[in-house]
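Chemist: Sending over a structure as C-alpha cells; questions will come in a sec.
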Amino acid sequence: MRYFKLLDDMEIHDRWLPGEATNAQGQEIDDIWQFADGCAVQVHERLTIPVSHPGVVQDFSTSSVGGTPVVHKRVASVFLELAPDDVQLIPVEVEGQSDPYFILVATRTIRCIDDQQSAEVKYWLPEDERPELTGTYRAVYGMRIDTTKVGDAKVFRPWGWTVVLVVSEDIKDALERSGATGMAFREVTGPSEVSPEEREHNRKLQALYERATKPREAFWRTLGAMDDNFVIPIVVGGGWPARSEVWRVIHRPEGRMLFVTDGLSNYFSDKAEPSIGFGLELALETDEPVENVAKSWQQLLLERIANELVGHEHLREPARTGILTMEVDGAHLPEPLLTKEGRVAVLLGMDTPTLPGHFTMPDGQVRLVTVKTLMPRELTYLLEHGREELIHRFNQSHPGHLSKAWRQPVV
C-alpha cells in the first residue's frame, strides 16, 4: 500500500489560518502540541478555534504553531468511515463558522522512517544540549517510510518526527473524491525521488540555512528569553531570501516584548551561496500588554512592514543603512495610530542604547532595524520639520524607541 503526507495546501491564495484551541474562558490551552503528538488526548471541555489570519475558509487546515489539524465534517466523516481505530475526532467551535468542525487526532505513532531511502535525516545530538530530544529526528527531508513496519494502520504519525501526518492511499482517494478543500498530498513510499546530485544540493542548502539560523538564534537569546511557543513560518515560497517567513518573540526586561523578523538575513535560495540576504532584521519592542501574540497588532504591523521591504528594493537600502519613514495599510490596527487616510506611519532605524544596532553573522554584519510607531500628529510634524527634532523628543523618554498605540504624542 502507498502512503502520503497529508499537508496544508499553502499555495491556496488568501487562505485562512486557524489559531490554537482555547477553553471556555477564552484562554489558550496549556499544551498546544498534544493534538499532534500521535496519541489519544483527554478533553473535558468544549474548545474553540480562533482564526489567526482571516481568509478563504478551508475544510482541512492546521493551526499556526501547534500543528493541530482542524477539519470540516466532510473530512471527519472520511476518517470515521475508513480509519475509526486510528483517529480521535474532537468537536470544536470555529470562530465565525456555523458548520461542524473537529480536531483530528492521529492516535498511533509508528517507528517507520526509512533513513536510507529518505533524502536526508538529521538527529538531535548530545552536543545540541537538548537532552529531552537527543536521539530523535531534528530534520527529515524527502521522507520515505518502510511499509513493512506499518501494519494495518491507515492514519499515523512517524516516531521521532510527529510533525508529519501520514494517511493511506485509500484515505487520500476518498478525501479527493469528497471535494474537501485545503489539502495537499506528498507520497512517502517507494524509492527516493532525489538524485545524488539533488541530495548534495539539498545538503548544501541545509548547511547554508544552519549557517544563518544558528548564529542568529544565538544572538536573539542575548536579548532576552525566547518564546519557543511562538515560531511562525507563515509563508513558504514567498519573497524572503530563503523563501520562508519566520517571526519570533523575545521577552525582555521590565515586561517588554520584542517582535522580530527571523529570516531577512538568510542566504538567497536561488543563488545557493553564503550571504546575509537583505542584510537586516526588523525589531518592534513594546511595553504595552499583549494577550495573543499571533493576533496582536504589533505582529500584524511587523508583517506589513516586512512585506513592503521585501517587495521594494528602494526601501530596503535606506532601512539597512539609515533612517526611513514609511506608511502601511492600517486595517485592523489601533485607531490612535491611524492617519486620516487610514494608514499607519513608522520610523525605521532609530538608534537606542537598549538594543544593538548590528549583530555579526558568519558572512557579514546584519543591521537590527528598530520599528517606532508614529502618532498622526508626529507624522505631520516630521513632514514639516524633519526627523532630527522628533527623534530628539523621543529620546527624552527612556527607552524612546518603544512602539505604543496608546500614548500622548511628543509634539
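Ordering of the C-alpha cells sets the chain letters (A, B, ...); residue numbers start at 1 within each chain; ligands are numbered from 1 in the order shown.
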Based on DSSP run over this structure's backbone, return all residues of stretch 101-337 of chain A in strand (DSSP E or B), as number ranges by chain.

Modeler: A: 101-106, 109-110, 113, 120-123, 137-141, 145, 155-158, 166-168, 183-187, 225-236, 244-251, 257-261, 280-286, 324-329

Chemist: As a ChimeraX atom specification, please: the residues near A:Gly67 (cut-off 10 Å, only C-alpha atoms, same-chain neighbours under 5 positions excluded).

Modeler: /A:8,18-20,32-37,61-62,162-165

Chemist: For the residues selected in the previous step, produce a file with N, CA and C atoms as a PDB file, in the first residue's frame.

Modeler:
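Wrote part-v2.pdb, looks like this:
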```
ATOM      1  N   ASP A   8      -1.279  20.883   4.790  1.00  0.00           N
ATOM      2  CA  ASP A   8      -1.983  22.109   4.440  1.00  0.00           C
ATOM      3  C   ASP A   8      -1.533  22.544   3.046  1.00  0.00           C
ATOM      4  N   PRO A  18      -6.052  28.891  10.975  1.00  0.00           N
ATOM      5  CA  PRO A  18      -6.622  28.748  12.320  1.00  0.00           C
ATOM      6  C   PRO A  18      -5.578  29.005  13.395  1.00  0.00           C
ATOM      7  N   GLY A  19      -6.057  29.438  14.551  1.00  0.00           N
ATOM      8  CA  GLY A  19      -5.187  29.616  15.700  1.00  0.00           C
ATOM      9  C   GLY A  19      -5.212  28.394  16.600  1.00  0.00           C
ATOM     10  N   GLU A  20      -4.686  28.546  17.809  1.00  0.00           N
ATOM     11  CA  GLU A  20      -4.626  27.431  18.752  1.00  0.00           C
ATOM     12  C   GLU A  20      -5.921  27.342  19.568  1.00  0.00           C
ATOM     13  N   ILE A  32      -0.472  23.057  23.664  1.00  0.00           N
ATOM     14  CA  ILE A  32      -0.994  23.220  22.309  1.00  0.00           C
ATOM     15  C   ILE A  32      -0.447  22.173  21.349  1.00  0.00           C
ATOM     16  N   TRP A  33       0.562  21.395  21.796  1.00  0.00           N
ATOM     17  CA  TRP A  33       1.181  20.401  20.917  1.00  0.00           C
ATOM     18  C   TRP A  33       0.509  19.032  21.020  1.00  0.00           C
ATOM     19  N   GLN A  34      -0.338  18.819  22.004  1.00  0.00           N
ATOM     20  CA  GLN A  34      -0.830  17.478  22.292  1.00  0.00           C
ATOM     21  C   GLN A  34      -1.626  16.865  21.139  1.00  0.00           C
ATOM     22  N   PHE A  35      -2.271  17.681  20.320  1.00  0.00           N
ATOM     23  CA  PHE A  35      -3.110  17.145  19.259  1.00  0.00           C
ATOM     24  C   PHE A  35      -2.295  16.620  18.084  1.00  0.00           C
ATOM     25  N   ALA A  36      -1.003  16.879  18.079  1.00  0.00           N
ATOM     26  CA  ALA A  36      -0.136  16.383  17.008  1.00  0.00           C
ATOM     27  C   ALA A  36       0.952  15.467  17.550  1.00  0.00           C
ATOM     28  N   ASP A  37       0.731  14.872  18.730  1.00  0.00           N
ATOM     29  CA  ASP A  37       1.729  14.005  19.352  1.00  0.00           C
ATOM     30  C   ASP A  37       1.626  12.549  18.912  1.00  0.00           C
ATOM     31  N   SER A  61      -7.185  22.273   7.642  1.00  0.00           N
ATOM     32  CA  SER A  61      -6.147  23.251   7.960  1.00  0.00           C
ATOM     33  C   SER A  61      -5.411  22.769   9.194  1.00  0.00           C
ATOM     34  N   THR A  62      -4.222  23.296   9.411  1.00  0.00           N
ATOM     35  CA  THR A  62      -3.510  23.046  10.658  1.00  0.00           C
ATOM     36  C   THR A  62      -3.212  24.377  11.317  1.00  0.00           C
ATOM     37  N   THR A 162       6.895  13.603  14.609  1.00  0.00           N
ATOM     38  CA  THR A 162       5.437  13.601  14.637  1.00  0.00           C
ATOM     39  C   THR A 162       4.808  14.859  14.039  1.00  0.00           C
ATOM     40  N   VAL A 163       5.644  15.753  13.512  1.00  0.00           N
ATOM     41  CA  VAL A 163       5.080  16.901  12.793  1.00  0.00           C
ATOM     42  C   VAL A 163       4.380  16.463  11.520  1.00  0.00           C
ATOM     43  N   VAL A 164       4.614  15.227  11.093  1.00  0.00           N
ATOM     44  CA  VAL A 164       4.042  14.710   9.846  1.00  0.00           C
ATOM     45  C   VAL A 164       2.824  13.846  10.159  1.00  0.00           C
ATOM     46  N   LEU A 165       1.746  14.038   9.396  1.00  0.00           N
ATOM     47  CA  LEU A 165       0.556  13.205   9.467  1.00  0.00           C
ATOM     48  C   LEU A 165       0.502  12.361   8.204  1.00  0.00           C
TER      49      LEU A 165
END
```

Chemist: Write out as a list in words the residues lying within 12 Å of A:Arg393, counting only C-alpha atoms and excluding same-chain residues fewer than 2 positions away.

Modeler: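 Answer for this query is Glu378, Tyr381, Leu382, Arg387, Glu388, Glu389, Leu390, Ile391, Asn395, Gln396, Ser397, His398, Pro399, Gly400, His401, Pro409, Val410 and Val411 of chain A.
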
Chemist: I need the residues of stretch 69-118 of chain A that end up classed as alpha helix (DSSP H) by DSSP on the backbone, written out as a list in words.

Modeler: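 Filtering stretch 69-118 of chain A to alpha helix (DSSP H) leaves Lys73, Arg74, Val75, Ala76, Ser77, Val78, Phe79, Leu80, Glu81 and Leu82 of chain A.
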
Chemist: Expressed in Å to a single decimal, how great is the separation between atom CA of A:Glu245 and atom CA of A:Val105?

Modeler: 27.1 Å

Chemist: Could you give me, as a PDB file with N, CA and C atoms, in the first residue's frame, the residues within 9 Å of A:Leu175, counting only C-alpha atoms and dropping anything in the same chain fewer than 3 positions from it?

Modeler:
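The result, written out as result.pdb:
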```pdb
ATOM      1  N   ARG A  74     -17.074  17.043   6.537  1.00  0.00           N
ATOM      2  CA  ARG A  74     -16.923  16.177   5.363  1.00  0.00           C
ATOM      3  C   ARG A  74     -15.572  15.458   5.368  1.00  0.00           C
ATOM      4  N   VAL A  75     -14.545  16.091   5.958  1.00  0.00           N
ATOM      5  CA  VAL A  75     -13.250  15.432   6.126  1.00  0.00           C
ATOM      6  C   VAL A  75     -13.322  14.429   7.266  1.00  0.00           C
ATOM      7  N   VAL A  78     -14.812  10.986   6.436  1.00  0.00           N
ATOM      8  CA  VAL A  78     -13.947  10.056   5.705  1.00  0.00           C
ATOM      9  C   VAL A  78     -13.084   9.275   6.685  1.00  0.00           C
ATOM     10  N   PHE A  79     -12.485   9.961   7.632  1.00  0.00           N
ATOM     11  CA  PHE A  79     -11.641   9.277   8.619  1.00  0.00           C
ATOM     12  C   PHE A  79     -12.471   8.356   9.513  1.00  0.00           C
ATOM     13  N   ASP A 170      -6.001   4.807   0.176  1.00  0.00           N
ATOM     14  CA  ASP A 170      -7.459   4.785   0.068  1.00  0.00           C
ATOM     15  C   ASP A 170      -8.089   5.980   0.775  1.00  0.00           C
ATOM     16  N   ILE A 171      -7.470   6.441   1.865  1.00  0.00           N
ATOM     17  CA  ILE A 171      -7.983   7.651   2.520  1.00  0.00           C
ATOM     18  C   ILE A 171      -7.714   8.870   1.652  1.00  0.00           C
ATOM     19  N   LYS A 172      -6.536   8.941   1.069  1.00  0.00           N
ATOM     20  CA  LYS A 172      -6.236  10.047   0.140  1.00  0.00           C
ATOM     21  C   LYS A 172      -7.268  10.095  -0.974  1.00  0.00           C
ATOM     22  N   SER A 178     -14.235  13.457  -2.073  1.00  0.00           N
ATOM     23  CA  SER A 178     -15.202  14.216  -1.276  1.00  0.00           C
ATOM     24  C   SER A 178     -15.297  15.677  -1.688  1.00  0.00           C
ATOM     25  N   GLY A 179     -14.293  16.156  -2.412  1.00  0.00           N
ATOM     26  CA  GLY A 179     -14.265  17.561  -2.798  1.00  0.00           C
ATOM     27  C   GLY A 179     -13.800  18.491  -1.698  1.00  0.00           C
ATOM     28  N   ALA A 180     -13.294  17.938  -0.611  1.00  0.00           N
ATOM     29  CA  ALA A 180     -12.819  18.763   0.501  1.00  0.00           C
ATOM     30  C   ALA A 180     -11.637  19.631   0.067  1.00  0.00           C
ATOM     31  N   MET A 183      -6.252  20.639   1.217  1.00  0.00           N
ATOM     32  CA  MET A 183      -5.306  19.538   1.402  1.00  0.00           C
ATOM     33  C   MET A 183      -4.288  19.463   0.273  1.00  0.00           C
TER      34      MET A 183
END
```

Chemist: Residues at most 8 Å from A:Glu327, counting only C-alpha atoms, excluding those fewer than 3 positions away in the same chain, as a ChimeraX atom specification?

Modeler: /A:343-346

Chemist: Quick check, in Å to one decimal: how far apart do atom CA of A:Asp86 and atom CA of A:Val155 lie?

Modeler: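 Between these atoms lies a distance of 5.7 Å.
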
Chemist: Please provide as an NGL selection string all residues within 7 Å of A:Asp262, with the sequence filter that same-chain residues fewer than 5 positions apart are discarded (counting only C-alpha atoms).

Modeler: :A and (246-248 or 281)

Chemist: List every residue of stretch 61-165 of chain A that has an atom at most 9 Å from any atom of stretch 193-215 of chain A, and for each one report the closest atom pair and its distance in Å to one decimal, counting only C-alpha atoms, with rows sorted by chain and then by increasing residue number, as a Markdown table.

Modeler:
```
| residue | atom | partner | partner_atom | distance |
| --- | --- | --- | --- | --- |
| A:Ser118 | CA | A:Val194 | CA | 8.5 |
| A:Ala119 | CA | A:Val194 | CA | 6.1 |
| A:Glu120 | CA | A:Arg199 | CA | 7.5 |
| A:Tyr141 | CA | A:Asn202 | CA | 8.7 |
| A:Gly142 | CA | A:Val194 | CA | 7.5 |
```

Chemist: For A:Leu264, list every protein, DNA or RNA residue within 9 Å, evaluated using only C-alpha atoms, and leave out those in the same chain fewer than 3 positions away; present the list as a PyMOL selection string.

Modeler: chain A and resi 240-242+245-246+261+267+276-282+306+310
